[in-house]
file input30.txt (compact mmCIF, N, CA and C atoms)
# COMPACT_ATOMS: atom_id res chain seq x y z
N MET A 968 -4.99 11.99 4.59
CA MET A 968 -5.64 10.79 4.09
C MET A 968 -4.72 9.58 4.21
N SER A 969 -3.39 9.79 4.02
CA SER A 969 -2.49 8.66 4.06
C SER A 969 -2.35 8.08 5.47
N ALA A 970 -2.55 8.90 6.50
CA ALA A 970 -2.47 8.36 7.86
C ALA A 970 -3.58 7.34 8.10
N SER A 971 -4.74 7.56 7.53
CA SER A 971 -5.83 6.60 7.71
C SER A 971 -5.58 5.32 6.93
N ARG A 972 -4.77 5.39 5.89
CA ARG A 972 -4.47 4.19 5.09
C ARG A 972 -3.38 3.34 5.72
N THR A 973 -2.65 3.88 6.67
CA THR A 973 -1.59 3.11 7.31
C THR A 973 -1.97 2.64 8.71
N LYS A 974 -3.19 2.89 9.13
CA LYS A 974 -3.67 2.44 10.44
C LYS A 974 -4.16 1.00 10.37
N PHE A 975 -4.22 0.36 11.54
CA PHE A 975 -4.81 -0.97 11.65
C PHE A 975 -6.32 -0.83 11.84
N TYR A 976 -7.07 -1.59 11.07
CA TYR A 976 -8.53 -1.61 11.18
C TYR A 976 -9.02 -3.05 11.27
N LEU A 977 -10.15 -3.22 11.91
CA LEU A 977 -10.85 -4.50 11.86
C LEU A 977 -11.47 -4.64 10.48
N ASP A 978 -11.31 -5.77 9.86
CA ASP A 978 -11.87 -5.99 8.53
C ASP A 978 -13.16 -6.81 8.68
N LYS A 979 -14.27 -6.11 8.84
CA LYS A 979 -15.56 -6.78 9.08
C LYS A 979 -16.09 -7.50 7.84
N GLN A 980 -15.69 -7.05 6.65
CA GLN A 980 -16.18 -7.68 5.43
C GLN A 980 -15.64 -9.10 5.26
N ASN A 981 -14.39 -9.32 5.67
CA ASN A 981 -13.77 -10.64 5.53
C ASN A 981 -13.69 -11.37 6.87
N ALA A 982 -14.48 -10.95 7.82
CA ALA A 982 -14.39 -11.49 9.18
C ALA A 982 -15.10 -12.83 9.29
N LYS A 983 -14.55 -13.67 10.15
CA LYS A 983 -15.24 -14.90 10.54
C LYS A 983 -15.89 -14.72 11.91
N TRP A 984 -15.21 -13.94 12.75
CA TRP A 984 -15.75 -13.72 14.08
C TRP A 984 -15.91 -12.24 14.34
N SER A 985 -14.81 -11.53 14.58
CA SER A 985 -14.93 -10.08 14.80
C SER A 985 -14.03 -9.27 13.89
N GLY A 986 -13.25 -9.91 13.05
CA GLY A 986 -12.45 -9.20 12.05
C GLY A 986 -11.02 -8.90 12.44
N VAL A 987 -10.56 -9.43 13.57
CA VAL A 987 -9.19 -9.15 14.01
C VAL A 987 -8.18 -9.83 13.09
N CYS A 988 -8.34 -11.10 12.84
CA CYS A 988 -7.40 -11.82 11.97
C CYS A 988 -7.46 -11.27 10.54
N ALA A 989 -8.65 -10.94 10.06
CA ALA A 989 -8.77 -10.36 8.73
C ALA A 989 -8.11 -8.98 8.69
N GLY A 990 -8.21 -8.22 9.77
CA GLY A 990 -7.55 -6.92 9.83
C GLY A 990 -6.05 -7.05 9.86
N ILE A 991 -5.54 -8.04 10.61
CA ILE A 991 -4.09 -8.27 10.63
C ILE A 991 -3.61 -8.69 9.25
N ALA A 992 -4.37 -9.54 8.58
CA ALA A 992 -4.01 -9.97 7.23
C ALA A 992 -4.02 -8.79 6.26
N ASP A 993 -5.00 -7.92 6.37
CA ASP A 993 -5.07 -6.74 5.51
C ASP A 993 -3.91 -5.79 5.80
N TYR A 994 -3.57 -5.65 7.05
CA TYR A 994 -2.50 -4.74 7.45
C TYR A 994 -1.13 -5.23 6.98
N THR A 995 -0.89 -6.54 7.09
CA THR A 995 0.43 -7.07 6.77
C THR A 995 0.57 -7.58 5.34
N GLY A 996 -0.54 -7.92 4.70
CA GLY A 996 -0.48 -8.48 3.36
C GLY A 996 -0.35 -9.99 3.34
N ILE A 997 -0.40 -10.62 4.51
CA ILE A 997 -0.34 -12.07 4.61
C ILE A 997 -1.74 -12.62 4.36
N ASP A 998 -1.82 -13.82 3.78
CA ASP A 998 -3.11 -14.44 3.53
C ASP A 998 -3.84 -14.65 4.86
N VAL A 999 -5.13 -14.35 4.88
CA VAL A 999 -5.93 -14.40 6.10
C VAL A 999 -6.00 -15.82 6.67
N THR A 1000 -5.93 -16.82 5.83
CA THR A 1000 -5.97 -18.20 6.31
C THR A 1000 -4.76 -18.50 7.21
N TRP A 1001 -3.60 -18.05 6.80
CA TRP A 1001 -2.39 -18.29 7.59
C TRP A 1001 -2.43 -17.52 8.91
N VAL A 1002 -3.00 -16.32 8.89
CA VAL A 1002 -3.12 -15.56 10.13
C VAL A 1002 -4.06 -16.28 11.09
N ARG A 1003 -5.16 -16.80 10.57
CA ARG A 1003 -6.11 -17.52 11.44
C ARG A 1003 -5.49 -18.81 11.99
N VAL A 1004 -4.78 -19.55 11.15
CA VAL A 1004 -4.13 -20.77 11.61
C VAL A 1004 -3.09 -20.44 12.67
N GLY A 1005 -2.32 -19.39 12.45
CA GLY A 1005 -1.33 -18.97 13.43
C GLY A 1005 -1.95 -18.55 14.75
N ALA A 1006 -3.07 -17.85 14.68
CA ALA A 1006 -3.75 -17.43 15.91
C ALA A 1006 -4.27 -18.63 16.70
N VAL A 1007 -4.84 -19.60 16.01
CA VAL A 1007 -5.35 -20.80 16.69
C VAL A 1007 -4.20 -21.59 17.30
N LEU A 1008 -3.12 -21.79 16.54
CA LEU A 1008 -1.97 -22.54 17.07
C LEU A 1008 -1.33 -21.83 18.25
N LEU A 1009 -1.23 -20.51 18.17
CA LEU A 1009 -0.65 -19.74 19.28
C LEU A 1009 -1.54 -19.82 20.52
N THR A 1010 -2.83 -19.82 20.33
CA THR A 1010 -3.75 -19.93 21.47
C THR A 1010 -3.63 -21.29 22.14
N PHE A 1011 -3.55 -22.36 21.35
CA PHE A 1011 -3.41 -23.69 21.94
C PHE A 1011 -2.03 -23.94 22.53
N ALA A 1012 -1.00 -23.32 21.95
CA ALA A 1012 0.36 -23.55 22.43
C ALA A 1012 0.67 -22.79 23.72
N THR A 1013 -0.05 -21.72 23.97
CA THR A 1013 0.20 -20.93 25.18
C THR A 1013 -0.95 -21.11 26.16
N SER A 1014 -0.90 -20.33 27.20
CA SER A 1014 -1.91 -20.47 28.25
C SER A 1014 -3.20 -19.70 27.97
N GLY A 1015 -3.38 -19.21 26.76
CA GLY A 1015 -4.63 -18.56 26.40
C GLY A 1015 -4.56 -17.05 26.32
N TRP A 1016 -3.40 -16.46 26.55
CA TRP A 1016 -3.32 -15.00 26.48
C TRP A 1016 -3.61 -14.45 25.09
N PRO A 1017 -3.34 -15.19 23.97
CA PRO A 1017 -3.73 -14.65 22.67
C PRO A 1017 -5.24 -14.45 22.53
N LEU A 1018 -6.01 -15.27 23.19
CA LEU A 1018 -7.47 -15.10 23.15
C LEU A 1018 -7.88 -13.81 23.84
N ILE A 1019 -7.23 -13.50 24.97
CA ILE A 1019 -7.49 -12.24 25.66
C ILE A 1019 -7.06 -11.06 24.79
N ALA A 1020 -5.88 -11.18 24.16
CA ALA A 1020 -5.40 -10.12 23.27
C ALA A 1020 -6.36 -9.93 22.10
N TYR A 1021 -6.91 -11.02 21.58
CA TYR A 1021 -7.87 -10.96 20.48
C TYR A 1021 -9.09 -10.12 20.87
N PHE A 1022 -9.64 -10.38 22.04
CA PHE A 1022 -10.83 -9.64 22.49
C PHE A 1022 -10.50 -8.18 22.78
N VAL A 1023 -9.31 -7.91 23.30
CA VAL A 1023 -8.91 -6.52 23.56
C VAL A 1023 -8.77 -5.76 22.24
N ILE A 1024 -8.14 -6.38 21.26
CA ILE A 1024 -8.00 -5.74 19.95
C ILE A 1024 -9.37 -5.51 19.31
N ALA A 1025 -10.25 -6.51 19.40
CA ALA A 1025 -11.60 -6.37 18.84
C ALA A 1025 -12.37 -5.24 19.52
N TRP A 1026 -12.08 -5.00 20.79
CA TRP A 1026 -12.78 -3.96 21.53
C TRP A 1026 -12.19 -2.58 21.23
N ILE A 1027 -10.87 -2.49 21.04
CA ILE A 1027 -10.20 -1.19 20.89
C ILE A 1027 -10.19 -0.70 19.43
N ALA A 1028 -9.92 -1.58 18.48
CA ALA A 1028 -9.71 -1.17 17.09
C ALA A 1028 -11.01 -0.71 16.43
N ASN A 1029 -10.85 0.19 15.49
CA ASN A 1029 -11.98 0.70 14.71
C ASN A 1029 -12.23 -0.19 13.50
N PRO A 1030 -13.47 -0.29 13.05
CA PRO A 1030 -13.73 -1.03 11.81
C PRO A 1030 -13.17 -0.28 10.60
N LYS A 1031 -12.82 -1.03 9.59
CA LYS A 1031 -12.25 -0.45 8.37
C LYS A 1031 -13.32 0.36 7.64
N PRO A 1032 -13.03 1.64 7.32
CA PRO A 1032 -14.02 2.45 6.60
C PRO A 1032 -14.20 1.96 5.16
N THR A 1033 -15.37 2.15 4.63
CA THR A 1033 -15.62 1.76 3.25
C THR A 1033 -14.98 2.78 2.31
N GLY A 1034 -14.50 2.31 1.19
CA GLY A 1034 -13.89 3.19 0.20
C GLY A 1034 -12.51 3.69 0.60
N LEU A 1035 -11.82 2.95 1.43
CA LEU A 1035 -10.49 3.37 1.87
C LEU A 1035 -9.49 3.29 0.72
N TYR A 1036 -9.59 2.25 -0.09
CA TYR A 1036 -8.71 2.08 -1.24
C TYR A 1036 -9.53 2.18 -2.51
N ASP A 1037 -8.95 2.82 -3.53
CA ASP A 1037 -9.66 2.98 -4.79
C ASP A 1037 -9.65 1.70 -5.62
N THR A 1038 -8.49 1.05 -5.67
CA THR A 1038 -8.33 -0.15 -6.48
C THR A 1038 -7.58 -1.21 -5.67
N PRO A 1039 -7.59 -2.45 -6.13
CA PRO A 1039 -6.78 -3.47 -5.45
C PRO A 1039 -5.28 -3.15 -5.50
N GLU A 1040 -4.84 -2.50 -6.58
CA GLU A 1040 -3.43 -2.10 -6.67
C GLU A 1040 -3.10 -1.05 -5.60
N ASP A 1041 -4.05 -0.18 -5.33
CA ASP A 1041 -3.88 0.83 -4.29
C ASP A 1041 -3.76 0.16 -2.92
N ALA A 1042 -4.57 -0.85 -2.68
CA ALA A 1042 -4.48 -1.58 -1.40
C ALA A 1042 -3.14 -2.28 -1.27
N LYS A 1043 -2.64 -2.89 -2.35
CA LYS A 1043 -1.33 -3.54 -2.31
C LYS A 1043 -0.22 -2.52 -2.06
N PHE A 1044 -0.33 -1.34 -2.68
CA PHE A 1044 0.69 -0.31 -2.47
C PHE A 1044 0.75 0.09 -1.00
N TRP A 1045 -0.40 0.32 -0.39
CA TRP A 1045 -0.41 0.75 1.01
C TRP A 1045 0.01 -0.37 1.95
N GLN A 1046 -0.22 -1.63 1.59
CA GLN A 1046 0.32 -2.73 2.39
C GLN A 1046 1.84 -2.71 2.34
N GLY A 1047 2.40 -2.41 1.17
CA GLY A 1047 3.85 -2.29 1.06
C GLY A 1047 4.40 -1.13 1.86
N VAL A 1048 3.66 -0.02 1.89
CA VAL A 1048 4.09 1.13 2.69
C VAL A 1048 4.10 0.77 4.17
N ARG A 1049 3.08 0.05 4.61
CA ARG A 1049 3.02 -0.33 6.02
C ARG A 1049 4.14 -1.30 6.39
N SER A 1050 4.46 -2.22 5.49
CA SER A 1050 5.47 -3.23 5.82
C SER A 1050 6.88 -2.66 5.76
N ASN A 1051 7.17 -1.78 4.80
CA ASN A 1051 8.51 -1.21 4.69
C ASN A 1051 8.43 0.16 4.02
N PRO A 1052 8.26 1.23 4.80
CA PRO A 1052 8.11 2.57 4.22
C PRO A 1052 9.33 3.03 3.42
N LYS A 1053 10.53 2.64 3.86
CA LYS A 1053 11.75 3.08 3.16
C LYS A 1053 11.80 2.50 1.76
N ARG A 1054 11.45 1.20 1.63
CA ARG A 1054 11.45 0.57 0.31
C ARG A 1054 10.40 1.20 -0.59
N SER A 1055 9.24 1.56 -0.03
CA SER A 1055 8.18 2.18 -0.82
C SER A 1055 8.61 3.55 -1.33
N ALA A 1056 9.28 4.33 -0.47
CA ALA A 1056 9.78 5.64 -0.90
C ALA A 1056 10.81 5.48 -2.01
N HIS A 1057 11.66 4.46 -1.89
CA HIS A 1057 12.66 4.20 -2.92
C HIS A 1057 11.97 3.84 -4.25
N ALA A 1058 10.91 3.04 -4.19
CA ALA A 1058 10.19 2.65 -5.40
C ALA A 1058 9.53 3.86 -6.06
N VAL A 1059 8.99 4.76 -5.25
CA VAL A 1059 8.37 5.97 -5.81
C VAL A 1059 9.43 6.84 -6.48
N ARG A 1060 10.58 7.02 -5.81
CA ARG A 1060 11.66 7.81 -6.41
C ARG A 1060 12.14 7.18 -7.70
N SER A 1061 12.26 5.86 -7.71
CA SER A 1061 12.70 5.16 -8.91
C SER A 1061 11.71 5.35 -10.05
N THR A 1062 10.43 5.31 -9.72
CA THR A 1062 9.40 5.52 -10.74
C THR A 1062 9.48 6.92 -11.32
N PHE A 1063 9.66 7.92 -10.44
CA PHE A 1063 9.78 9.29 -10.93
C PHE A 1063 11.03 9.48 -11.78
N ARG A 1064 12.14 8.84 -11.41
CA ARG A 1064 13.35 8.92 -12.24
C ARG A 1064 13.10 8.32 -13.61
N ASP A 1065 12.39 7.19 -13.64
CA ASP A 1065 12.09 6.55 -14.92
C ASP A 1065 11.19 7.43 -15.78
N ILE A 1066 10.19 8.05 -15.17
CA ILE A 1066 9.31 8.97 -15.92
C ILE A 1066 10.11 10.16 -16.45
N ASP A 1067 10.99 10.70 -15.62
CA ASP A 1067 11.80 11.84 -16.03
C ASP A 1067 12.72 11.45 -17.20
N ARG A 1068 13.30 10.26 -17.13
CA ARG A 1068 14.16 9.79 -18.21
C ARG A 1068 13.37 9.62 -19.51
N ARG A 1069 12.16 9.04 -19.41
CA ARG A 1069 11.35 8.85 -20.61
C ARG A 1069 10.91 10.18 -21.21
N LEU A 1070 10.57 11.15 -20.36
CA LEU A 1070 10.21 12.48 -20.87
C LEU A 1070 11.40 13.15 -21.55
N ALA A 1071 12.59 12.98 -20.99
CA ALA A 1071 13.79 13.54 -21.63
C ALA A 1071 14.03 12.88 -22.98
N ASP A 1072 13.80 11.57 -23.08
CA ASP A 1072 13.95 10.88 -24.36
C ASP A 1072 12.94 11.40 -25.39
N ILE A 1073 11.71 11.62 -24.96
CA ILE A 1073 10.69 12.15 -25.86
C ILE A 1073 11.06 13.55 -26.32
N GLU A 1074 11.52 14.37 -25.39
CA GLU A 1074 11.92 15.73 -25.75
C GLU A 1074 13.09 15.70 -26.73
N MET A 1075 14.05 14.82 -26.49
CA MET A 1075 15.20 14.71 -27.40
C MET A 1075 14.76 14.25 -28.77
N TYR A 1076 13.83 13.32 -28.84
CA TYR A 1076 13.34 12.83 -30.12
C TYR A 1076 12.69 13.94 -30.93
N TYR A 1077 11.83 14.71 -30.29
CA TYR A 1077 11.13 15.76 -31.03
C TYR A 1077 12.00 16.96 -31.32
N THR A 1078 12.89 17.30 -30.45
CA THR A 1078 13.71 18.49 -30.69
C THR A 1078 14.85 18.21 -31.66
N SER A 1079 15.31 16.97 -31.77
CA SER A 1079 16.41 16.70 -32.69
C SER A 1079 15.95 16.69 -34.13
N ARG A 1080 14.70 16.41 -34.40
CA ARG A 1080 14.21 16.35 -35.76
C ARG A 1080 13.48 17.64 -36.17
N ASN A 1081 13.07 18.43 -35.24
CA ASN A 1081 12.28 19.61 -35.55
C ASN A 1081 12.97 20.82 -34.91
N THR A 1082 13.71 21.56 -35.72
CA THR A 1082 14.46 22.69 -35.16
C THR A 1082 13.54 23.82 -34.73
N ARG A 1083 12.43 23.99 -35.40
CA ARG A 1083 11.49 25.05 -35.01
C ARG A 1083 10.91 24.77 -33.62
N LEU A 1084 10.54 23.51 -33.37
CA LEU A 1084 10.03 23.13 -32.05
C LEU A 1084 11.12 23.27 -30.99
N ALA A 1085 12.35 22.94 -31.34
CA ALA A 1085 13.47 23.09 -30.41
C ALA A 1085 13.67 24.56 -30.06
N ASP A 1086 13.53 25.45 -31.03
CA ASP A 1086 13.66 26.89 -30.76
C ASP A 1086 12.53 27.38 -29.86
N GLU A 1087 11.32 26.87 -30.06
CA GLU A 1087 10.20 27.26 -29.20
C GLU A 1087 10.42 26.79 -27.77
N ILE A 1088 10.90 25.57 -27.59
CA ILE A 1088 11.16 25.05 -26.26
C ILE A 1088 12.26 25.85 -25.59
N ASP A 1089 13.32 26.19 -26.31
CA ASP A 1089 14.39 27.00 -25.74
C ASP A 1089 13.92 28.39 -25.37
N SER A 1090 12.98 28.96 -26.14
CA SER A 1090 12.48 30.30 -25.83
C SER A 1090 11.61 30.28 -24.57
N LEU A 1091 11.00 29.13 -24.27
CA LEU A 1091 10.19 29.02 -23.05
C LEU A 1091 11.04 28.87 -21.79
N ARG A 1092 12.27 28.45 -21.92
CA ARG A 1092 13.14 28.27 -20.76
C ARG A 1092 13.66 29.53 -20.29
call {"tool": "encode", "arguments": {"input": "input30.txt", "output": "structure tokens"}}
result
Amino acid sequence: MSASRTKFYLDKQNAKWSGVCAGIADYTGIDVTWVRVGAVLLTFATSGWPLIAYFVIAWIANPKPTGLYDTPEDAKFWQGVRSNPKRSAHAVRSTFRDIDRRLADIEMYYTSRNTRLADEIDSLR
């Protein structure tokens, strides 16, 4: 499932023409307005090859499936994974370390005040 969340898709819901700029914006996390302005400026500044690339991408890329992300936070997370996978893995590890530390604090709190519970936990180990 995660491979489909890291692919490039045409974003037909936010499309003005065929969804290429909206798909690039969704893939990178950049505002779609800036992607569109950049595409227009690049087309005028060069000999027109960005327009050809636009049509090729529109022809090759698949439309974005519905229900790909559960929440907006989920979409932001996957944009971060696409932009820098190493940083995302570090953030996940950091989150797990924090959860582990908080669970250890909770265990220490309950076992230091309740010797019977501490004995039960030790017997389970």
call {"tool": "residues_around", "arguments": {"input": "input30.txt", "residues": "stretch 973-982 of chain A", "least_positions_apart": "4", "cutoff": "6 Å", "atoms": "all atoms listed in the file", "output": "MDAnalysis selection string"}}
result
chainID A and resid 969 986:987 989:990 1028:1031 1049
call {"tool": "atom_distance", "arguments": {"input": "input30.txt", "atom1": "atom CA of A:Gln1046", "atom2": "atom N of A:Ala1012"}}
result
28.4 Å
call {"tool": "closest_atom_pairs", "arguments": {"input": "input30.txt", "of": "stretch 1006-1085 of chain A", "to": "stretch 993-999 of chain A", "cutoff": "8 Å", "atoms": "all atoms listed in the file", "output": "CSV"}}
result
residue,atom,partner,partner_atom,distance
A:Ala1042,C,A:Asp993,C,7.9
A:Lys1043,CA,A:Gly996,CA,7.6
A:Trp1045,C,A:Tyr994,C,7.1
A:Gln1046,CA,A:Tyr994,C,5.4
A:Gly1047,N,A:Thr995,C,6.9
A:Arg1049,CA,A:Tyr994,C,6.5
A:Ser1050,CA,A:Thr995,CA,6.4
call {"tool": "atom_distance", "arguments": {"input": "input30.txt", "atom1": "atom C of A:Lys983", "atom2": "atom N of A:Val1023"}}
result
14.8 Å
call {"tool": "select_by_dssp", "arguments": {"input": "input30.txt", "residues": "stretch 1018-1087 of chain A", "states": "alpha helix (DSSP H)", "output": "PyMOL selection string"}}
result
chain A and resi 1018-1027+1039-1050+1052-1080+1082-1087
call {"tool": "axis_aligned_box", "arguments": {"input": "input30.txt", "around": "stretch 1022-1028 of chain A", "padding_each_side": "8 Å", "output": "JSON"}}
result
{"center_x": -10.4, "center_y": -5.5, "center_z": 20.0, "size_x": 20.8, "size_y": 25.7, "size_z": 23.1}
call {"tool": "atom_distance", "arguments": {"input": "input30.txt", "atom1": "atom CA of A:Ala1006", "atom2": "atom CA of A:Leu1018"}}
result
8.5 Å
call {"tool": "closest_residue", "arguments": {"input": "input30.txt", "among": "A:Ile1019, A:Cys988, A:Leu1084, A:Ala1071", "to": "A:Gly1005", "atoms": "only C-alpha atoms"}}
result
A:Cys988
call {"tool": "build_atoms", "arguments": {"input": "input30.txt", "residues": "stretch 1013-1034 of chain A", "atoms": "N, CA, C and O atoms", "output": "PDB file, in the coordinates of the input"}}
result
ATOM      1  N   THR A1013      -0.050 -21.720  23.970  1.00  0.00           N
ATOM      2  CA  THR A1013       0.200 -20.930  25.180  1.00  0.00           C
ATOM      3  C   THR A1013      -0.950 -21.110  26.160  1.00  0.00           C
ATOM      4  O   THR A1013      -1.866 -21.884  25.941  1.00  0.00           O
ATOM      5  N   SER A1014      -0.900 -20.330  27.200  1.00  0.00           N
ATOM      6  CA  SER A1014      -1.910 -20.470  28.250  1.00  0.00           C
ATOM      7  C   SER A1014      -3.200 -19.700  27.970  1.00  0.00           C
ATOM      8  O   SER A1014      -4.017 -19.529  28.856  1.00  0.00           O
ATOM      9  N   GLY A1015      -3.380 -19.210  26.760  1.00  0.00           N
ATOM     10  CA  GLY A1015      -4.630 -18.560  26.400  1.00  0.00           C
ATOM     11  C   GLY A1015      -4.560 -17.050  26.320  1.00  0.00           C
ATOM     12  O   GLY A1015      -5.573 -16.398  26.032  1.00  0.00           O
ATOM     13  N   TRP A1016      -3.400 -16.460  26.550  1.00  0.00           N
ATOM     14  CA  TRP A1016      -3.320 -15.000  26.480  1.00  0.00           C
ATOM     15  C   TRP A1016      -3.610 -14.450  25.090  1.00  0.00           C
ATOM     16  O   TRP A1016      -4.113 -13.335  24.976  1.00  0.00           O
ATOM     17  N   PRO A1017      -3.340 -15.190  23.970  1.00  0.00           N
ATOM     18  CA  PRO A1017      -3.730 -14.650  22.670  1.00  0.00           C
ATOM     19  C   PRO A1017      -5.240 -14.450  22.530  1.00  0.00           C
ATOM     20  O   PRO A1017      -5.682 -13.528  21.837  1.00  0.00           O
ATOM     21  N   LEU A1018      -6.010 -15.270  23.190  1.00  0.00           N
ATOM     22  CA  LEU A1018      -7.470 -15.100  23.150  1.00  0.00           C
ATOM     23  C   LEU A1018      -7.880 -13.810  23.840  1.00  0.00           C
ATOM     24  O   LEU A1018      -8.753 -13.084  23.356  1.00  0.00           O
ATOM     25  N   ILE A1019      -7.230 -13.500  24.970  1.00  0.00           N
ATOM     26  CA  ILE A1019      -7.490 -12.240  25.660  1.00  0.00           C
ATOM     27  C   ILE A1019      -7.060 -11.060  24.790  1.00  0.00           C
ATOM     28  O   ILE A1019      -7.788 -10.067  24.659  1.00  0.00           O
ATOM     29  N   ALA A1020      -5.880 -11.180  24.160  1.00  0.00           N
ATOM     30  CA  ALA A1020      -5.400 -10.120  23.270  1.00  0.00           C
ATOM     31  C   ALA A1020      -6.360  -9.930  22.100  1.00  0.00           C
ATOM     32  O   ALA A1020      -6.611  -8.790  21.667  1.00  0.00           O
ATOM     33  N   TYR A1021      -6.910 -11.020  21.580  1.00  0.00           N
ATOM     34  CA  TYR A1021      -7.870 -10.960  20.480  1.00  0.00           C
ATOM     35  C   TYR A1021      -9.090 -10.120  20.870  1.00  0.00           C
ATOM     36  O   TYR A1021      -9.512  -9.227  20.131  1.00  0.00           O
ATOM     37  N   PHE A1022      -9.640 -10.380  22.040  1.00  0.00           N
ATOM     38  CA  PHE A1022     -10.830  -9.640  22.490  1.00  0.00           C
ATOM     39  C   PHE A1022     -10.500  -8.180  22.780  1.00  0.00           C
ATOM     40  O   PHE A1022     -11.317  -7.291  22.508  1.00  0.00           O
ATOM     41  N   VAL A1023      -9.310  -7.910  23.300  1.00  0.00           N
ATOM     42  CA  VAL A1023      -8.910  -6.520  23.560  1.00  0.00           C
ATOM     43  C   VAL A1023      -8.770  -5.760  22.240  1.00  0.00           C
ATOM     44  O   VAL A1023      -9.245  -4.628  22.104  1.00  0.00           O
ATOM     45  N   ILE A1024      -8.140  -6.380  21.260  1.00  0.00           N
ATOM     46  CA  ILE A1024      -8.000  -5.740  19.950  1.00  0.00           C
ATOM     47  C   ILE A1024      -9.370  -5.510  19.310  1.00  0.00           C
ATOM     48  O   ILE A1024      -9.632  -4.451  18.743  1.00  0.00           O
ATOM     49  N   ALA A1025     -10.250  -6.510  19.400  1.00  0.00           N
ATOM     50  CA  ALA A1025     -11.600  -6.370  18.840  1.00  0.00           C
ATOM     51  C   ALA A1025     -12.370  -5.240  19.520  1.00  0.00           C
ATOM     52  O   ALA A1025     -13.198  -4.578  18.905  1.00  0.00           O
ATOM     53  N   TRP A1026     -12.080  -5.000  20.790  1.00  0.00           N
ATOM     54  CA  TRP A1026     -12.780  -3.960  21.530  1.00  0.00           C
ATOM     55  C   TRP A1026     -12.190  -2.580  21.230  1.00  0.00           C
ATOM     56  O   TRP A1026     -12.930  -1.598  21.129  1.00  0.00           O
ATOM     57  N   ILE A1027     -10.870  -2.490  21.040  1.00  0.00           N
ATOM     58  CA  ILE A1027     -10.200  -1.190  20.890  1.00  0.00           C
ATOM     59  C   ILE A1027     -10.190  -0.700  19.430  1.00  0.00           C
ATOM     60  O   ILE A1027     -10.406   0.480  19.181  1.00  0.00           O
ATOM     61  N   ALA A1028      -9.920  -1.580  18.480  1.00  0.00           N
ATOM     62  CA  ALA A1028      -9.710  -1.170  17.090  1.00  0.00           C
ATOM     63  C   ALA A1028     -11.010  -0.710  16.430  1.00  0.00           C
ATOM     64  O   ALA A1028     -12.099  -1.175  16.757  1.00  0.00           O
ATOM     65  N   ASN A1029     -10.850   0.190  15.490  1.00  0.00           N
ATOM     66  CA  ASN A1029     -11.980   0.700  14.710  1.00  0.00           C
ATOM     67  C   ASN A1029     -12.230  -0.190  13.500  1.00  0.00           C
ATOM     68  O   ASN A1029     -11.299  -0.760  12.944  1.00  0.00           O
ATOM     69  N   PRO A1030     -13.470  -0.290  13.050  1.00  0.00           N
ATOM     70  CA  PRO A1030     -13.730  -1.030  11.810  1.00  0.00           C
ATOM     71  C   PRO A1030     -13.170  -0.280  10.600  1.00  0.00           C
ATOM     72  O   PRO A1030     -13.062   0.941  10.604  1.00  0.00           O
ATOM     73  N   LYS A1031     -12.820  -1.030   9.590  1.00  0.00           N
ATOM     74  CA  LYS A1031     -12.250  -0.450   8.370  1.00  0.00           C
ATOM     75  C   LYS A1031     -13.320   0.360   7.640  1.00  0.00           C
ATOM     76  O   LYS A1031     -14.413  -0.137   7.378  1.00  0.00           O
ATOM     77  N   PRO A1032     -13.030   1.640   7.320  1.00  0.00           N
ATOM     78  CA  PRO A1032     -14.020   2.450   6.600  1.00  0.00           C
ATOM     79  C   PRO A1032     -14.200   1.960   5.160  1.00  0.00           C
ATOM     80  O   PRO A1032     -13.268   1.419   4.569  1.00  0.00           O
ATOM     81  N   THR A1033     -15.370   2.150   4.630  1.00  0.00           N
ATOM     82  CA  THR A1033     -15.620   1.760   3.250  1.00  0.00           C
ATOM     83  C   THR A1033     -14.980   2.780   2.310  1.00  0.00           C
ATOM     84  O   THR A1033     -14.912   3.970   2.618  1.00  0.00           O
ATOM     85  N   GLY A1034     -14.500   2.310   1.190  1.00  0.00           N
ATOM     86  CA  GLY A1034     -13.890   3.190   0.200  1.00  0.00           C
ATOM     87  C   GLY A1034     -12.510   3.690   0.600  1.00  0.00           C
ATOM     88  O   GLY A1034     -12.090   4.746   0.147  1.00  0.00           O
TER      89      GLY A1034
END
